[in-house]
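Written out below as structure tokens is the structure these notes cover.
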Amino acid sequence: MYRLTFLCLFMLAFVPTSVRAQQVPTDPTSTHIFPAGGRRGTSVPVRVGGECLPPRTHWQLFGEGVTAPPILGERAVSRDEPSPRRKPQEIQVTYPKEWQSTIEIADDAPLGSKYWRLSCARGGTGARPFVVGDMPEFIETEPNSQPATAESLTLPVTLNGQISGERDMDYFRFTAQAGEIISADVMAARLGSPLEALVEIHDASGERLPVQEARAGCDPVLAFRVPTTGEYRLIVTNLTYRGGPDHVYRITLSAAPHVMAAFPSGWQAGQSRELELFTLTGASTPEVFRHTLAFPMDKHGEFNFHRAGNANPLSLDAGDVPEVVEQEPNDATTVAQEVSWPTTINGRFATAADEDWFAFTARQGVLFAIDCKPFPRDTAALPVLTVTDEAGKTLAQSSAVTDTERIARLEWRAPADGRFRLRIRDLQQHARGGWDFIYRLSLREAVPDFTLSLPVDAFNCLQGAKADLDLQVRRHGGFSDPIDLTVEGLPAGVTVEPKQVPAGAATVKLAFTVEPDVRSAASTLRINGRAMIAGKPVDRVTQTRHLGRDADGVTIGSPMLDHVQLTVQHKPTFKLHCNEAYQYAYRGTLYPYLMEVERLDGFDGPITLQMADRQNKDLDSIEIRELTIPPGQSQVMLPIYLPETMHINVQAHSNVYAQGFVTFKDRWGDEQSQLVVSTMRCMIRTLPPVAKLKSVEREVVWQSDGSVECRLVLDRTANFSGSMRVELTNPPLSSQFTAEPVTIREGQSTATLTVRHHSGGSPSVAVLRFRGVGDLSDGAQVVSEATVIVK
């Protein structure tokens with residue numbers, strides 16, 4: 001038997017770590033900012049959220065009219081609504097932390113999205129939005145999860161909230177006048193939030209009211225007509241049971257008309273056009289306003305138009321060629337609408353069965369660029385584009401769902417002189433359609449050109465190492481020549497190859513090389529491409545996608561940025577190890593687990609250990625008590641708290657990752673902060689508790705002098721016979737209630753604590769929590785809690 005045990009241990013020692021432990025991701029990430037926006041002309045205290053971020057992380061806010069300190073402040077105190085205890089699941093879980101800072105918004109700051117990123121010696125994060133608005137702002141404060149604690153709002157207002165726990169529901173109340181149409185424009189998924197917002201309107205009696213619901217990407221936009229003057233409630237929660245500090249939202253509440261779309265949604269730059277503006281009514285159909293707009297002469301592409309008196313801006317598109325509007329009936333090849341090119345056609349799928357046909361004449365050999373895009377970006381339309389000949393034969397086809405920008409794109413060469421047809425339908429044909437299924441169809445001769453893009457907007461590279469990025473090249477109009485590349489903003493000691501995209505290539509791998517002595521810092525890079533087209537140089541800047549978008553790529557503003565962030569990672573200053581072999585510990589104890597620090601390159605500073613932000617399974621409320629390893633020390637007993645309330649026979653064992661962080665000055669005197677996740681897991685099999693502290697009476701009554709006696713009893717097993725110190729542990733109540741600690745000595749089993757009320761007035765109903773702590777012979781501590789309700 002001993003030989004078999006030794007053989008198993010010997011073989012285990014040679015199993016690769018990747019087999020023995022499922023490592024969690026260790027690079028830092030941002031998760032959210034709260035509030036996710038602010039009013040211009042104000043100073044906004046914010047909490048910046050992320051994972052695997054050490055204290056004193058750098059943060060960069062970019063965009064006109066906003067400023068912030070370059071270093072994040074202190075750790076923010078958790079304001080979460082506690083989630084209910086559930087059976088632990090074998091899924092990865094994360095615990096984002098929040099850090100304090102302040103954003104200053106100038107009086108004249110342009111409205112819309114600004115962006116921010118984080119970086120530290122371990123790496124950098126992708127960009128997320130912070131939205132600048134012009135309405136009064138309100139920031140929710142917990143507790144507000146019941147009708148009785150609903151927070152009061154004055155309209156118009158932009159409301160900022162978090163669904164911070166699984167059972168968190170945010171209640172708000174406001175007054176409205178009979179006949180008003182109140183809209184609630186929800187921004188959550190479009191900010192990159194995981195929240196699937198579920199929003200309801202109730203009257204003062206709690207009755208749910210019918211609302212008109214539209215969608216802006218994955219986010220709901222509600223409207224209801226106020227039946228009678230009075231108070232109403234807004235309730236926000238998550239469609240799924242999940243919640244957390246990263247589940248942020250912004251909701252603009254207003255009685256002004258909310259415009260969901262315009263038709264046509266664009267026109268030729270420099271021309272005037274009467275638009276139909278579709279506003280929410282609280283009923284099943286929108287109200288249509290007509291407004292004549294002069295499209296800007298000097299601006300091509302998407303721009304925001306905010307009509308005076310409306311609740312929200314509207315995205316419109318200024319084109320560079322003549323435009324037409326589709327004319328019904330044109331839903332069959334026999335009634336195809338005649339168009340001439342170049343042109344942009346404004347159309348919509350007015351019903352679920354609708355499709356649109358257009359006819360045009362082409363010469364043999366002409367290469368056409370045909371694009372059909374849903375517009376505005378948050379419309380539900382998914383165009384499918386088909387080119388046919390006069391006999392109905394399909395010559396080419398494209399669908400919006402195959403394109404990252406949801407555009408049906410074709411480059412098609414006419415096979416002969418003649419007439420051809422364009423068929424435009426929605427992918428959801430016969431299932432969905434309506435006034436908001438709007439598209440813009442461009443038909444023009446293809447012009448040689450190119451665009452460049454990257455799949456990420458931030459990447460990391462270690463000092464003395466290399467990192468690769470896949471540069472995507474989209475070629476147009478038969479362009480196939482090489483493209484010369486230059487990179488602006490490269491720090492000294494960083495090089496990139498190749499300097500050219502080969503002829504005809506649709507992708508090229510950019511290899512960044514960082515010399516060992518390059519400073520650890522974040523740099524903003526712009527990757528430029530230049531090619532000779534028709535004898536003239538054509539320049540294009542590489543586009544990247546930020547993280548503030550929903551599952552369909554819909555954002556607040558543009559989904560693209562014109563730069564990418566490179567963070568040069570500092571070489572690790574230490575590694576964190578533990579013995580990944582099962583250890584046994586009692587539930588209801590603070591168990592010491594041996595951790596070992598491997599110090600690197602002469603680093604000898606203090607290291608603070610804590611629970612890792614990422615775990616490969618649910619921890620069932622296990623905690624790591626934070627501690628600091630002094631300089632020069634390489635081993636420490638990490639205190640892991642195993643609650644007595646852990647579920648029994650649900651998980652065979654507990655796997656816990658720890659993380660450690662340090663701050664130091666590098667060789668250039670720059671202050672750095674670095675966080676490292678343990679290479680292995682603390683693996684514990686739990687045993688039944690050895691002692692349980694209980695209340696003799698579940699409920700007691702305040703005495704006339706503002707005191708109450710709480711009797712407790714300690715149920716022991718043979719494994720714990722020592723003394724236990726018992727004290728009152730309610731942190732929120734510490735200024736109101738006090739009690740002298742008592743000790744249940746060895747061989748005893750009862751204790752009485754006298755609790756006194758000090759806040760003045762009649763004592764209120766309170767739940768008092770008592771905690772007992774005792775020592776075991778193996779160095780672990782017994783921890784047990786009991787509660788008493790006082791009335």
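Ligands are numbered from 1 in the order shown, residues from 1 within each chain, and chains are lettered A, B, ... in the order they appear in the structure tokens.
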Give me the residues within 8 Å of region 268-284 of chain A as a JSON list (two decimals) with C-alpha atoms, in the first residue's frame, counting only C-alpha atoms and dropping any in the same chain fewer than 2 places off.
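Result saved to selection_36.json:
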[["chain", "number", "residue", "atom", "x", "y", "z"],
["A", 181, "ILE", "CA", -46.14, 60.30, -22.79],
["A", 182, "ILE", "CA", -43.22, 59.22, -20.64],
["A", 183, "SER", "CA", -40.33, 57.46, -22.37],
["A", 211, "VAL", "CA", -46.25, 50.10, -22.32],
["A", 212, "GLN", "CA", -45.04, 50.46, -25.87],
["A", 222, "LEU", "CA", -40.34, 52.05, -23.29],
["A", 223, "ALA", "CA", -43.13, 54.59, -23.50],
["A", 224, "PHE", "CA", -46.49, 54.87, -21.73],
["A", 225, "ARG", "CA", -49.32, 57.36, -21.79],
["A", 257, "PRO", "CA", -41.11, 63.14, -27.66],
["A", 258, "HIS", "CA", -38.70, 60.24, -28.09],
["A", 259, "VAL", "CA", -37.73, 59.78, -31.74],
["A", 260, "MET", "CA", -36.86, 56.20, -32.64],
["A", 261, "ALA", "CA", -36.14, 56.63, -36.35],
["A", 262, "ALA", "CA", -36.39, 58.87, -39.38],
["A", 263, "PHE", "CA", -37.36, 57.98, -42.91],
["A", 264, "PRO", "CA", -35.47, 58.48, -45.04],
["A", 265, "SER", "CA", -32.62, 58.04, -42.57],
["A", 266, "GLY", "CA", -30.19, 59.97, -44.76],
["A", 286, "PRO", "CA", -45.72, 55.57, -33.42],
["A", 287, "GLU", "CA", -46.74, 59.11, -34.18],
["A", 288, "VAL", "CA", -45.22, 60.64, -37.32],
["A", 289, "PHE", "CA", -43.90, 64.21, -37.41],
["A", 290, "ARG", "CA", -42.62, 65.81, -40.58],
["A", 291, "HIS", "CA", -39.49, 67.92, -40.47],
["A", 292, "THR", "CA", -37.46, 69.44, -43.30],
["A", 293, "LEU", "CA", -33.72, 69.25, -42.71],
["A", 294, "ALA", "CA", -30.82, 70.74, -44.64],
["A", 295, "PHE", "CA", -28.13, 68.07, -44.64],
["A", 296, "PRO", "CA", -24.65, 69.50, -43.90],
["A", 297, "MET", "CA", -22.61, 70.41, -46.95],
["A", 298, "ASP", "CA", -19.20, 69.69, -45.45],
["A", 299, "LYS", "CA", -19.91, 66.39, -43.74],
["A", 300, "HIS", "CA", -20.28, 62.94, -45.25],
["A", 318, "ALA", "CA", -25.14, 62.34, -45.19],
["A", 319, "GLY", "CA", -24.39, 60.71, -48.54],
["A", 320, "ASP", "CA", -22.10, 61.69, -51.43],
["A", 321, "VAL", "CA", -24.31, 60.70, -54.40],
["A", 322, "PRO", "CA", -27.91, 61.45, -55.47],
["A", 323, "GLU", "CA", -30.54, 59.70, -53.36]]
Open item on the list: Applying 12 Å and only C-alpha atoms, which residues near Asp620 (chain A) remain after dropping the ones on its own chain fewer than 6 positions away? List them as an MDAnalysis selection string.
Closed with: chainID A and resid 83:91 93 587 641:648 650:651 653:656 686
Open item on the list: I want to know what sits within 12 Å of Asp354 (chain A), based on only C-alpha atoms, with residues of the same chain fewer than 6 positions away left out; could you give that as a list in words?
Closed with: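 Answer for this query is Glu328, Pro329, Asn330, Asp331, Ala332, Gly347, Arg348, Pro383, Arg423, Ile424, Arg425, Asp426, Leu427, Gln428, Gln429, His430, Ala431, Arg432, Gly433, Gly434, Trp435, Phe437 and Ile438 of chain A.
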Open item on the list: Taking 2 positions as the minimum chain separation for residues in the same chain, which residues sit within 12 Å of Gln615 (chain A) when counting only C-alpha atoms? Answer as an MDAnalysis selection string.
Closed with: chainID A and resid 21:26 51:52 89:96 611:613 617:620 622:623 654:659 677:678 680:682
Those residues with C-alpha atoms, as a CSV table (one decimal), in the first residue's frame please?
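again25.csv written:
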chain,number,residue,atom,x,y,z
A,21,ALA,CA,-4.9,22.8,-12.5
A,22,GLN,CA,-7.3,24.6,-14.8
A,23,GLN,CA,-5.6,28.0,-14.8
A,24,VAL,CA,-7.8,31.1,-14.8
A,25,PRO,CA,-7.0,34.1,-17.1
A,26,THR,CA,-4.6,36.4,-15.4
A,51,GLU,CA,-10.5,42.3,-12.5
A,52,CYS,CA,-6.8,41.5,-11.7
A,89,GLN,CA,-22.0,25.4,-9.5
A,90,GLU,CA,-19.0,24.0,-11.5
A,91,ILE,CA,-18.7,27.2,-13.5
A,92,GLN,CA,-16.1,30.0,-13.6
A,93,VAL,CA,-17.0,33.0,-11.5
A,94,THR,CA,-15.5,36.5,-11.2
A,95,TYR,CA,-15.4,39.1,-8.5
A,96,PRO,CA,-14.8,42.5,-10.0
A,611,MET,CA,-8.8,36.2,-2.9
A,612,ALA,CA,-8.3,36.1,-6.7
A,613,ASP,CA,-10.8,38.0,-8.7
A,617,LYS,CA,-15.6,27.3,-9.9
A,618,ASP,CA,-18.2,28.7,-7.4
A,619,LEU,CA,-16.5,29.0,-4.0
A,620,ASP,CA,-19.7,28.6,-1.9
A,622,ILE,CA,-15.3,30.8,0.9
A,623,GLU,CA,-13.1,33.9,1.7
A,654,SER,CA,-13.0,23.5,-3.0
A,655,ASN,CA,-10.5,25.0,-5.4
A,656,VAL,CA,-9.3,28.5,-4.4
A,657,TYR,CA,-7.0,30.8,-6.4
A,658,ALA,CA,-5.1,33.5,-4.5
A,659,GLN,CA,-3.6,36.6,-5.9
A,677,VAL,CA,-2.4,35.1,-9.7
A,678,SER,CA,-1.2,31.9,-8.0
A,680,MET,CA,-2.0,26.5,-8.5
A,681,ARG,CA,-5.1,26.2,-6.4
A,682,CYS,CA,-5.5,25.8,-2.7
Residue neighbourhood Leu590 (chain A), 6 Å, only C-alpha atoms, exclusion window fewer than 5 positions, as a CSV table (one decimal) with all heavy atoms, in the first residue's frame:
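out-v6.csv, freshly written:
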chain,number,residue,atom,x,y,z
A,639,PRO,N,-4.7,32.6,5.5
A,639,PRO,CA,-6.0,32.2,6.2
A,639,PRO,C,-7.2,32.1,5.3
A,639,PRO,O,-7.6,33.1,4.7
A,639,PRO,CB,-6.1,33.4,7.2
A,639,PRO,CG,-5.4,34.5,6.6
A,639,PRO,CD,-4.3,33.9,5.8
A,640,ILE,N,-7.7,30.9,5.1
A,640,ILE,CA,-8.9,30.7,4.3
A,640,ILE,C,-10.1,30.4,5.1
A,640,ILE,O,-10.1,29.4,5.9
A,640,ILE,CB,-8.6,29.5,3.3
A,640,ILE,CG1,-7.4,29.8,2.4
A,640,ILE,CG2,-9.8,29.3,2.4
A,640,ILE,CD1,-7.0,28.7,1.4
A,641,TYR,N,-11.1,31.2,5.0
A,641,TYR,CA,-12.3,31.1,5.8
A,641,TYR,C,-13.3,30.1,5.1
A,641,TYR,O,-13.7,30.4,4.0
A,641,TYR,CB,-12.9,32.4,6.1
A,641,TYR,CG,-14.3,32.3,6.8
A,641,TYR,CD1,-14.4,31.6,8.0
A,641,TYR,CD2,-15.4,33.0,6.3
A,641,TYR,CE1,-15.6,31.6,8.7
A,641,TYR,CE2,-16.6,32.9,7.0
A,641,TYR,CZ,-16.7,32.2,8.2
A,641,TYR,OH,-17.9,32.1,8.8
A,780,ALA,N,-5.6,26.1,13.1
A,780,ALA,CA,-6.9,26.6,12.5
A,780,ALA,C,-7.7,27.3,13.6
A,780,ALA,O,-7.5,27.0,14.8
A,780,ALA,CB,-7.7,25.5,11.8
A,781,GLN,N,-8.6,28.2,13.2
A,781,GLN,CA,-9.5,28.8,14.2
A,781,GLN,C,-11.0,28.4,13.9
A,781,GLN,O,-11.4,28.3,12.7
A,781,GLN,CB,-9.4,30.3,14.1
A,781,GLN,CG,-8.2,30.9,14.7
A,781,GLN,CD,-8.3,32.4,14.7
A,781,GLN,OE1,-8.7,33.0,13.8
A,781,GLN,NE2,-7.8,33.0,15.8
Task: DSSP helix (DSSP H, G or I) residues within region 193-406 of chain A, as JSON, numbers by chain - done: {"A": [333, 334, 335, 400, 401, 402]}
TODO: Please provide the set of residues having any atom within 7 Å of Gly774 (chain A), restricted to only C-alpha atoms, with same-chain residues fewer than 2 positions apart removed, written as a PyMOL selection string.
DONE: chain A and resi 722-725+772+776+781-783
Open item on the list: From a backbone DSSP assignment, name each residue in region 3-153 of chain A labelled strand (DSSP E or B), as a PyMOL selection string.
Closed with: chain A and resi 29-34+37-39+43-51+58-62+66-67+71+75+93-94+97-105+112-120+123-124+128-133+137-139+151-152
- [ ] Please indicate the distance in Å from CA of Gly706 (chain A) to CA of Val790 (chain A), rounded to one decimal place.
- [x]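 One can read the CA of Gly706 (chain A) to CA of Val790 (chain A) distance as 11.0 Å.
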Task: Selection near Asp378 (chain A), 8 Å with only C-alpha atoms, sequence-local residues under 6 positions removed, as a list in words - done: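 With the cut-off at 8 Å, the set is Arg215, Ala216, Gly217, Val554 and Thr555 of chain A.
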Can you spit out the residues from that selection as a compact mmCIF listing (two decimals), in the first residue's frame, using N, CA, C and O atoms?
# COMPACT_ATOMS: atom_id res chain seq x y z
N ARG A 215 -36.90 48.59 -29.49
CA ARG A 215 -35.56 48.12 -29.15
C ARG A 215 -34.53 49.03 -29.80
O ARG A 215 -34.67 49.44 -30.95
N ALA A 216 -33.50 49.34 -29.03
CA ALA A 216 -32.31 50.01 -29.55
C ALA A 216 -31.18 49.01 -29.41
O ALA A 216 -30.57 48.88 -28.34
N GLY A 217 -30.93 48.25 -30.47
CA GLY A 217 -30.03 47.12 -30.34
C GLY A 217 -30.65 46.11 -29.40
O GLY A 217 -31.80 45.71 -29.56
N VAL A 554 -24.02 46.91 -31.64
CA VAL A 554 -24.64 48.24 -31.55
C VAL A 554 -24.07 48.98 -30.35
O VAL A 554 -23.89 48.42 -29.27
N THR A 555 -23.78 50.27 -30.53
CA THR A 555 -23.12 51.07 -29.52
C THR A 555 -23.84 52.40 -29.34
O THR A 555 -24.77 52.72 -30.07
Open item on the list: From the options A:Val77, A:Ala255, A:Ile163, A:Ala534, which residue's atoms come nearest to Thr175 (chain A), counting only C-alpha atoms?
Closed with: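 Residue with the minimum atom-to-atom distance to Thr175 (chain A): A:Ala255.
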Task: Pick from A:Ser145, A:Gln674, A:Gln177, A:Gln543 nearest to Ile607 (chain A), counting only C-alpha atoms - done: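 Closest candidate: A:Gln674.
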- [ ] Please indicate the distance in Å from CA of Pro572 (chain A) to CA of Ala522 (chain A), rounded to one decimal place.
- [x]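 Distance reported for this atom pair: 16.7 Å.
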Rows by chain and residue number, region 504-616 of chain A within 12 Å of region 32-37 of chain A, shortest pair, only C-alpha atoms, as a Markdown table:
| residue | atom | partner | partner_atom | distance |
| --- | --- | --- | --- | --- |
| A:Leu547 | CA | A:His32 | CA | 10.0 |
| A:Gly548 | CA | A:His32 | CA | 9.5 |
| A:Ile556 | CA | A:Gly37 | CA | 11.5 |
Take the residues from that selection and write them out as a PDB file, in the first residue's frame, keeping all heavy atoms.
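Below is the file result18.pdb, written as the result:
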ATOM      1  N   LEU A 547     -15.004  48.126 -26.440  1.00  0.00           N
ATOM      2  CA  LEU A 547     -15.797  47.129 -25.711  1.00  0.00           C
ATOM      3  C   LEU A 547     -17.213  47.588 -25.394  1.00  0.00           C
ATOM      4  O   LEU A 547     -18.004  46.802 -24.870  1.00  0.00           O
ATOM      5  CB  LEU A 547     -15.083  46.763 -24.402  1.00  0.00           C
ATOM      6  CG  LEU A 547     -13.681  46.159 -24.552  1.00  0.00           C
ATOM      7  CD1 LEU A 547     -13.064  45.927 -23.173  1.00  0.00           C
ATOM      8  CD2 LEU A 547     -13.734  44.866 -25.342  1.00  0.00           C
ATOM      9  N   GLY A 548     -17.541  48.825 -25.701  1.00  0.00           N
ATOM     10  CA  GLY A 548     -18.873  49.339 -25.383  1.00  0.00           C
ATOM     11  C   GLY A 548     -19.876  49.024 -26.459  1.00  0.00           C
ATOM     12  O   GLY A 548     -20.363  49.930 -27.158  1.00  0.00           O
ATOM     13  N   ILE A 556     -23.381  53.164 -28.339  1.00  0.00           N
ATOM     14  CA  ILE A 556     -23.760  54.563 -28.220  1.00  0.00           C
ATOM     15  C   ILE A 556     -22.728  55.355 -29.016  1.00  0.00           C
ATOM     16  O   ILE A 556     -21.598  55.531 -28.579  1.00  0.00           O
ATOM     17  CB  ILE A 556     -23.774  55.033 -26.751  1.00  0.00           C
ATOM     18  CG1 ILE A 556     -24.656  54.123 -25.897  1.00  0.00           C
ATOM     19  CG2 ILE A 556     -24.233  56.474 -26.654  1.00  0.00           C
ATOM     20  CD1 ILE A 556     -26.116  54.109 -26.292  1.00  0.00           C
TER      21      ILE A 556
END
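Among A:Arg363, A:Arg599, A:Arg117, A:Arg685, the residue with the shortest atom-to-atom distance to Arg419 (chain A), counting only C-alpha atoms, is A:Arg363.
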Task: Residue with smallest distance to Gln500 (chain A) - pool A:Ile483, A:Val248, A:Val773, A:Ala585, counting only C-alpha atoms - done: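 Among the listed residues, the smallest separation from Gln500 (chain A) belongs to A:Ile483.
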TODO: Have a look at A:Pro55, A:Pro136, A:Pro70, A:Pro245 and name the one nearest to Trp116 (chain A); count only C-alpha atoms.
DONE: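 Ranked by minimum distance to Trp116 (chain A), first place goes to A:Pro70.
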